[in-house]
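Engineer: Questions regarding the structure given below will be posed in turn.
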Amino acid sequence: FAWLALMIGLYYFFFAFYVIPYTALMAELGHTPADRLRISTLTSIAWALGFILGNSVYAWQGIFEKQGYNSVQAFQISVALLNTVALIFMLLPAIFLREKRYARQMETEHGIRAALAVVFGNRNFRWFLASDLMYWLALTFIQLGVVFYTTLLLDLDKGYAFQFSLVSFLCSFAFYWPVNVLARKVGKKRLMLLAFVLFAIVFALVSVANILPFPPDILLYALGVAAAFPLAVFGILPNAVIGDEVEKEERNSGQQMSGMFFGVRAFVMKVGISLSNLIFPSLLLFGKSTDQPFGVQLTALAAIVFCVIGWSVFRKYKE
């Protein structure tokens, strides 16, 4: 337990060390709202591909088990393989991105406390952060629960969990262009509110998946397709919203604090992920077997609550 706690603590430390400057570059490289939306879209595509590859760990585990490895060894090999790929790709922007040439930078006179006061003093941004926390709670429940939903509620092999991720994120790519167009026409706020509603509907269907009168594999693919649009919206628009708030702050105060805005968002994201890792297994104590799946169903119901709260809070955001 001590070893696991240490490793997870180090993971989140270096995660923040990497992600905060990386996401801050979105605002610095995007000199206009259209640029930021485009960068956020491309980053979301890369994130979705990474999500698909990460969730392939169970498929790889099955492959290595067929080669004679036990389940633990197969899982360890799969994780090591995927993390090697991740290391290579994470090094690419660190080595090749020419920040001084392309990033819009300026000195700031704010210290850390003053900068945090400015960020949290932005009431509009606070509404966004609260809704974003709810989104990360719901999304992490998908990541943690997809194997349980697949095996216990749909009674399918765990390899189907990867197929769900693959279907949902590949289908979400089809919505990237419409999301960009709709964001310019109807606004980011309306799309994000709609995405919260659709996410809640998907989780509602998941919670009763074991009693729905449909073939399990068809239902799995249908849920993957249904999740595609909200995944596309939440993959693209939040970073663009933060970029807009950074630009507003720069116009109002003359200070460019993209690093602090994205840093606070990254912290909220980690809080959401951490809370999910506490709440999810606690709910599973109420039942995580085929005969008693109530705990698994509770996780889906909890995700619905997160989506409803996120929708309610984000309604107060002024675009």
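Chains: A, B, ... in order of the structure tokens. Residues: from 1 per chain. Ligands: from 1, in order shown.
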Write out as a list in words each polymer residue whose atoms come within 6 Å of range 67-78 of chain A, counting only C-alpha atoms; drop sequence neighbours fewer than 4 positions from it.
Structural biologist: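 Once the adjacent positions are removed, what remains is Val57, Trp60 and Gln61 of chain A.
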Engineer: Taking the DSSP secondary structure from the backbone, can you list the residues of range 72-258 of chain A that are alpha helix (DSSP H), as a count of residues only?
Structural biologist: 150
Engineer: So that I can check the surroundings of range 161-176 of chain A, please list as JSON, numbers by chain every protein, DNA and RNA residue that reaches within 6 Å of it, counting only C-alpha atoms and ignoring chain neighbours fewer than 2 positions away.
Structural biologist: {"A": [52, 55, 56, 146, 147, 150, 158, 159, 178, 179, 224, 225, 227, 228, 229, 232]}
Engineer: Per residue of range 113-163 of chain A within 10 Å of range 236-251 of chain A, what are the shortest atom pair and its distance in Å to one decimal, counting only C-alpha atoms, with rows by chain and residue number, as a tab-separated table?
Structural biologist:
residue	atom	partner	partner_atom	distance
A:Val118	CA	A:Glu249	CA	8.8
A:Val119	CA	A:Glu249	CA	8.9
A:Asn122	CA	A:Glu249	CA	8.7
A:Asn124	CA	A:Glu245	CA	8.3
A:Phe125	CA	A:Glu245	CA	7.1
A:Phe128	CA	A:Pro238	CA	8.4
A:Leu129	CA	A:Ile242	CA	9.6
A:Asp132	CA	A:Pro238	CA	7.9
Engineer: If we count only C-alpha atoms, what is near Phe148 in chain A at a cut-off of 8 Å, once residues fewer than 5 positions away on the same chain are taken out, given as a PDB file with C-alpha atoms, in the first residue's frame?
Structural biologist:
ATOM      1  CA  LEU A 153     -24.060  -5.781 -16.708  1.00  0.00           C
ATOM      2  CA  LYS A 288     -19.871  -6.263  -8.058  1.00  0.00           C
ATOM      3  CA  VAL A 296     -21.883  -1.372 -10.402  1.00  0.00           C
TER       4      VAL A 296
END
Engineer: Report as a ChimeraX atom specification all protein, DNA and RNA residues lying within 7 Å of range 44-50 of chain A, evaluated on only C-alpha atoms, omitting residues in the same chain fewer than 3 positions from it.
Structural biologist: /A:40-41,53-54,169,235-236
Engineer: Just write the chosen residues, C-alpha atoms, as a JSON list (two decimals), in the first residue's frame.
Structural biologist:
[["chain", "number", "residue", "atom", "x", "y", "z"],
["A", 40, "SER", "CA", -8.07, 22.29, -28.91],
["A", 41, "THR", "CA", -9.70, 20.11, -31.59],
["A", 53, "LEU", "CA", -4.69, 2.96, -26.94],
["A", 54, "GLY", "CA", -4.69, 3.10, -23.14],
["A", 169, "PHE", "CA", -13.93, 7.60, -29.72],
["A", 235, "GLY", "CA", -12.79, 16.96, -25.76],
["A", 236, "ILE", "CA", -12.75, 20.21, -27.74]]
Engineer: Can you measure CA of Ala138 in chain A to CA of Ala209 in chain A for me? One decimal in Å is fine.
Structural biologist: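 Spanning CA of Ala138 in chain A to CA of Ala209 in chain A is a straight-line distance of 17.6 Å.
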Engineer: For each of A:Val313, A:Leu301, A:Leu220, A:Ile273, take the minimum atom-to-atom distance to Thr140 in chain A, counting only C-alpha atoms, then give the residue where this is smallest.
Structural biologist: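 Using only C-alpha atoms, the shortest distance to Thr140 in chain A belongs to A:Ile273.
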Engineer: For Gln292 in chain A, which residue out of A:Met7, A:Leu152, A:Leu193, A:Ala34 is the nearest one, using only C-alpha atoms?
Structural biologist: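 Looking only at the distances to Gln292 in chain A, the closest residue turns out to be A:Leu152.
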Engineer: Which distance in Å separates CA of Lys188 in chain A and CA of Phe89 in chain A, to one decimal?
Structural biologist: 29.8 Å
Engineer: Using only C-alpha atoms, pick whichever of A:Leu139, A:Ile39, A:Ala24, A:Val197 has the shortest atom-to-atom distance to Phe262 in chain A.
Structural biologist: A:Ala24
Engineer: Using only C-alpha atoms, pick whichever of A:Thr43, A:Asn277, A:Ser131, A:Thr290 has the shortest atom-to-atom distance to Phe306 in chain A.
Structural biologist: A:Ser131
Engineer: Please identify all polymer residues within 7 Å of Phe203 in chain A, counting only C-alpha atoms, omitting same-chain residues fewer than 6 positions from it, and present them as a VMD selection string.
Structural biologist: chain A and resid 300 to 301 303 to 304
Engineer: Can you write out the residues you just picked, keeping C-alpha atoms, as a CSV table (one decimal), in the first residue's frame?
Structural biologist:
chain,number,residue,atom,x,y,z
A,300,ALA,CA,-23.7,4.7,-13.2
A,301,LEU,CA,-26.3,6.4,-11.1
A,303,ALA,CA,-22.3,9.6,-12.7
A,304,ILE,CA,-25.8,10.8,-13.7
